[in-house]
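Peer 1: This is the structure I want to talk about, given as structure tokens.
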Amino acid sequence: MEIKINKGILSLVEGDITKQSTDAIVNAANKSLLGGGGVDGAIHRAGGPKILEECIKIGGCETGEAVITTGGNLKAKYVIHTVGPIYRDGLHNEPKLLDNAYRNCLKLASSKGIKSIAFPSISTGAYRYPLSDAAEIALKTAVEYLKEHTDIELVRFVLFGQKTLEVYEKVYALISTDH
Ligand code: ADP
């Protein structure tokens, strides 16, 4: 599914983020930046040791913040690492922190002249953020950014599995009729 928003494109696809040829891909990392399971493990495996070397030098990342490294052996030139919130009950600032994670990735991308960026579904794996709530924040933040900035040409969500893609598509349909 592709939607034109202002000068850019919002795209929702099913797939593996490590295979994307966007300028940057986003990693749902943890605060240590030392690698983990899920999408983080997949990115380090596919991208090789250069990514981890740079992560070690950076030294860590706070929840909601974002940092950038080489893409190593990936097709993408850069990996933007962000840390989503660990979901407890939704009353511990989780929505704001998830919004910050997406927004800070987009801001960092803009500052580096990145034109295309691929996101996974941050916080919805090991960090247990309810999928449709997380999708709403992810999509609203991306739409708002594309409306307010014209430098990024493509924001692609690469959803792991058909079911996750369907949830994102359904949530997009709901929020796009809201305004
Ligand atoms: P978090 O700790 O932020 O919850 P996870 O990596 O556990 O991060 O999960 C985030 C999302 O990434 C989940 O929806 C998971 O299914 C998905 N995922 C795992 N591997 C990949 C991959 N190679 N490409 C895209 N998404 C992936």
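Residues are named by chain letter and number: chains run A, B, ... in the order of the structure tokens, numbers start at 1 in each chain, and ligands are numbered from 1 in the order shown.
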List all protein, DNA and RNA residues that have at least one atom no more than 6 Å from any atom of ligand 1, counting only C-alpha atoms and all ligand atoms, and write them as a compact mmCIF listing (two decimals) with all heavy atoms, in the first residue's frame.

Peer 2:
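Contents of out-v1.txt, freshly written:
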# COMPACT_ATOMS: atom_id res chain seq x y z
N ASP A 16 11.26 -8.15 5.11
CA ASP A 16 12.43 -8.20 6.00
C ASP A 16 13.19 -6.89 5.86
O ASP A 16 13.65 -6.55 4.77
CB ASP A 16 13.29 -9.39 5.56
CG ASP A 16 14.55 -9.54 6.39
OD1 ASP A 16 14.90 -8.62 7.16
OD2 ASP A 16 15.20 -10.59 6.25
N ILE A 17 13.34 -6.17 6.95
CA ILE A 17 13.95 -4.84 6.87
C ILE A 17 15.42 -4.90 6.44
O ILE A 17 15.93 -3.95 5.85
CB ILE A 17 13.76 -4.07 8.19
CG1 ILE A 17 13.96 -2.57 7.94
CG2 ILE A 17 14.69 -4.57 9.28
CD1 ILE A 17 13.22 -1.69 8.87
N THR A 18 16.08 -6.01 6.70
CA THR A 18 17.51 -6.09 6.35
C THR A 18 17.72 -6.12 4.84
O THR A 18 18.83 -5.92 4.38
CB THR A 18 18.18 -7.34 6.96
OG1 THR A 18 17.63 -8.52 6.37
CG2 THR A 18 17.99 -7.39 8.47
N ALA A 28 15.21 -1.30 15.85
CA ALA A 28 14.57 -1.22 17.17
C ALA A 28 15.55 -1.82 18.17
O ALA A 28 15.54 -3.02 18.43
CB ALA A 28 13.25 -1.97 17.17
N GLY A 38 15.36 -10.39 17.92
CA GLY A 38 14.41 -9.73 17.02
C GLY A 38 15.08 -9.03 15.86
O GLY A 38 16.07 -9.50 15.30
N VAL A 39 14.56 -7.88 15.54
CA VAL A 39 15.04 -7.14 14.38
C VAL A 39 16.48 -6.68 14.59
O VAL A 39 17.28 -6.60 13.65
CB VAL A 39 14.05 -5.99 14.05
CG1 VAL A 39 14.12 -4.86 15.03
CG2 VAL A 39 14.25 -5.49 12.64
N ASP A 40 16.84 -6.38 15.82
CA ASP A 40 18.20 -5.95 16.17
C ASP A 40 19.21 -7.03 15.79
O ASP A 40 20.21 -6.77 15.09
CB ASP A 40 18.22 -5.68 17.69
CG ASP A 40 19.41 -4.88 18.15
OD1 ASP A 40 20.32 -4.64 17.34
OD2 ASP A 40 19.45 -4.51 19.34
N ALA A 42 18.80 -9.47 13.72
CA ALA A 42 18.78 -9.68 12.26
C ALA A 42 19.62 -8.62 11.54
O ALA A 42 20.37 -8.93 10.60
CB ALA A 42 17.33 -9.65 11.76
N GLY A 84 12.72 2.05 21.53
CA GLY A 84 11.32 2.25 21.87
C GLY A 84 11.09 1.94 23.34
O GLY A 84 11.95 1.35 24.01
N PRO A 120 10.92 -0.66 11.09
CA PRO A 120 10.18 -1.85 11.56
C PRO A 120 9.09 -1.35 12.51
O PRO A 120 8.97 -0.15 12.76
CB PRO A 120 11.26 -2.61 12.33
CG PRO A 120 12.09 -1.52 12.96
CD PRO A 120 12.07 -0.35 11.97
N SER A 121 8.33 -2.28 13.03
CA SER A 121 7.30 -1.92 14.01
C SER A 121 7.95 -1.88 15.39
O SER A 121 8.04 -2.90 16.09
CB SER A 121 6.17 -2.96 13.95
OG SER A 121 5.18 -2.65 14.89
N ILE A 122 8.40 -0.68 15.77
CA ILE A 122 9.19 -0.51 17.00
C ILE A 122 8.35 -0.85 18.24
O ILE A 122 7.17 -0.49 18.33
CB ILE A 122 9.69 0.96 17.08
CG1 ILE A 122 10.61 1.29 15.90
CG2 ILE A 122 10.42 1.23 18.41
CD1 ILE A 122 10.88 2.78 15.73
N SER A 123 8.97 -1.55 19.16
CA SER A 123 8.41 -1.90 20.49
C SER A 123 7.34 -2.98 20.49
O SER A 123 6.84 -3.32 21.57
CB SER A 123 7.85 -0.66 21.23
OG SER A 123 8.87 0.12 21.80
N THR A 124 6.98 -3.51 19.33
CA THR A 124 5.85 -4.45 19.33
C THR A 124 6.27 -5.92 19.39
O THR A 124 5.42 -6.81 19.28
CB THR A 124 4.93 -4.24 18.11
OG1 THR A 124 5.67 -4.49 16.92
CG2 THR A 124 4.39 -2.82 18.08
N GLY A 125 7.58 -6.16 19.57
CA GLY A 125 8.05 -7.53 19.73
C GLY A 125 8.33 -7.78 21.20
O GLY A 125 7.41 -7.80 22.02
N ALA A 126 9.60 -7.90 21.53
CA ALA A 126 10.01 -8.18 22.91
C ALA A 126 9.50 -7.11 23.89
O ALA A 126 9.27 -7.41 25.06
CB ALA A 126 11.53 -8.26 22.98
N TYR A 127 9.30 -5.88 23.41
CA TYR A 127 8.87 -4.80 24.30
C TYR A 127 7.35 -4.73 24.49
O TYR A 127 6.84 -3.87 25.22
CB TYR A 127 9.42 -3.45 23.82
CG TYR A 127 10.91 -3.25 24.12
CD1 TYR A 127 11.65 -4.24 24.75
CD2 TYR A 127 11.56 -2.07 23.77
CE1 TYR A 127 13.01 -4.06 25.01
CE2 TYR A 127 12.92 -1.88 24.05
CZ TYR A 127 13.63 -2.88 24.67
OH TYR A 127 14.97 -2.69 24.94
N ARG A 128 6.61 -5.61 23.78
CA ARG A 128 5.19 -5.91 24.05
C ARG A 128 4.20 -4.75 23.95
O ARG A 128 3.14 -4.75 24.60
CB ARG A 128 5.03 -6.55 25.45
CG ARG A 128 5.75 -7.88 25.60
CD ARG A 128 5.41 -8.55 26.91
NE ARG A 128 5.62 -7.68 28.06
CZ ARG A 128 6.79 -7.53 28.69
NH1 ARG A 128 7.83 -8.21 28.31
NH2 ARG A 128 6.89 -6.72 29.70
N VAL A 158 8.22 -1.61 7.11
CA VAL A 158 8.45 -3.00 6.67
C VAL A 158 7.99 -3.91 7.79
O VAL A 158 8.65 -4.03 8.84
CB VAL A 158 9.93 -3.22 6.34
CG1 VAL A 158 10.16 -4.66 5.87
CG2 VAL A 158 10.38 -2.24 5.26
N LEU A 159 6.82 -4.48 7.60
CA LEU A 159 6.16 -5.25 8.65
C LEU A 159 6.45 -6.73 8.49
O LEU A 159 6.39 -7.26 7.37
CB LEU A 159 4.66 -4.96 8.64
CG LEU A 159 4.19 -3.56 9.08
CD1 LEU A 159 5.13 -2.95 10.14
CD2 LEU A 159 3.96 -2.61 7.97
N PHE A 160 6.77 -7.33 9.61
CA PHE A 160 7.19 -8.73 9.61
C PHE A 160 5.96 -9.61 9.71
O PHE A 160 5.38 -9.74 10.78
CB PHE A 160 8.13 -8.93 10.80
CG PHE A 160 9.16 -9.98 10.63
CD1 PHE A 160 9.96 -10.01 9.50
CD2 PHE A 160 9.36 -10.95 11.61
CE1 PHE A 160 10.95 -10.97 9.35
CE2 PHE A 160 10.35 -11.92 11.47
CZ PHE A 160 11.14 -11.93 10.34

Peer 1: If you count only C-alpha atoms, which residues fall within 9 Å of segment 49-59 of chain A, apart from same-chain ones fewer than 5 positions away, as a ChimeraX atom specification?

Peer 2: /A:32-35,43-44,67-73,79,81

Peer 1: Those same residues - N, CA and C atoms - I'd like them written as a CSV table (one decimal), in the first residue's frame.

Peer 2:
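Okay, part-v5.csv is ready:
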chain,number,residue,atom,x,y,z
A,32,SER,N,21.5,-0.3,25.5
A,32,SER,CA,23.0,-0.6,25.4
A,32,SER,C,23.6,-0.5,24.0
A,33,LEU,N,22.7,-0.6,23.0
A,33,LEU,CA,23.2,-0.7,21.6
A,33,LEU,C,24.1,-1.9,21.3
A,34,LEU,N,24.1,-2.8,22.2
A,34,LEU,CA,25.1,-3.9,22.0
A,34,LEU,C,24.4,-5.1,21.3
A,35,GLY,N,23.3,-4.9,20.7
A,35,GLY,CA,22.6,-6.0,20.0
A,35,GLY,C,21.7,-6.8,20.9
A,43,ILE,N,19.5,-7.4,12.0
A,43,ILE,CA,20.3,-6.3,11.4
A,43,ILE,C,21.8,-6.5,11.6
A,44,HIS,N,22.2,-6.8,12.8
A,44,HIS,CA,23.6,-7.0,13.0
A,44,HIS,C,24.2,-8.2,12.3
A,67,VAL,N,20.3,7.3,17.2
A,67,VAL,CA,21.7,7.5,16.8
A,67,VAL,C,21.9,6.8,15.4
A,68,ILE,N,23.0,7.2,14.7
A,68,ILE,CA,23.2,6.7,13.4
A,68,ILE,C,24.5,6.0,13.2
A,69,THR,N,24.6,4.9,12.5
A,69,THR,CA,25.8,4.3,12.1
A,69,THR,C,25.8,3.9,10.7
A,70,THR,N,26.9,3.4,10.2
A,70,THR,CA,27.0,2.8,8.9
A,70,THR,C,26.0,1.7,8.7
A,71,GLY,N,25.7,1.4,7.5
A,71,GLY,CA,24.9,0.2,7.2
A,71,GLY,C,25.7,-1.0,7.0
A,72,GLY,N,27.1,-0.9,7.1
A,72,GLY,CA,27.9,-2.1,6.9
A,72,GLY,C,27.7,-2.7,5.6
A,73,ASN,N,27.4,-4.0,5.7
A,73,ASN,CA,27.2,-4.8,4.4
A,73,ASN,C,25.8,-4.8,3.9
A,79,VAL,N,22.3,2.8,9.2
A,79,VAL,CA,21.3,2.2,10.2
A,79,VAL,C,21.1,3.3,11.2
A,81,HIS,N,19.5,3.8,14.8
A,81,HIS,CA,19.2,2.9,15.9
A,81,HIS,C,18.3,3.8,16.9

Peer 1: Between A:Glu169, A:Asp23, A:Asp89, A:Asp99, single out the one closest to Leu74 of chain A, counting only C-alpha atoms.

Peer 2: A:Asp23

Peer 1: Within 10 Å of segment 5-8 of chain A, which residues of segment 90-168 of chain A come that close, and what is the closest atom pair and distance in Å for each? Count only C-alpha atoms and give it as a tab-separated table.

Peer 2:
residue	atom	partner	partner_atom	distance
A:Lys115	CA	A:Gly8	CA	9.5
A:Ser116	CA	A:Gly8	CA	9.5
A:Ala142	CA	A:Ile5	CA	9.7
A:Val143	CA	A:Ile5	CA	7.0
A:Glu144	CA	A:Ile5	CA	9.2
A:Tyr145	CA	A:Ile5	CA	9.6
A:Leu146	CA	A:Gly8	CA	6.2
A:Lys147	CA	A:Asn6	CA	5.6
A:Glu148	CA	A:Asn6	CA	8.4
A:His149	CA	A:Lys7	CA	8.5
A:Thr150	CA	A:Lys7	CA	5.7
A:Asp151	CA	A:Gly8	CA	8.2
A:Ile152	CA	A:Gly8	CA	6.5
A:Glu153	CA	A:Gly8	CA	4.3
A:Leu154	CA	A:Gly8	CA	5.7
A:Val155	CA	A:Gly8	CA	7.8
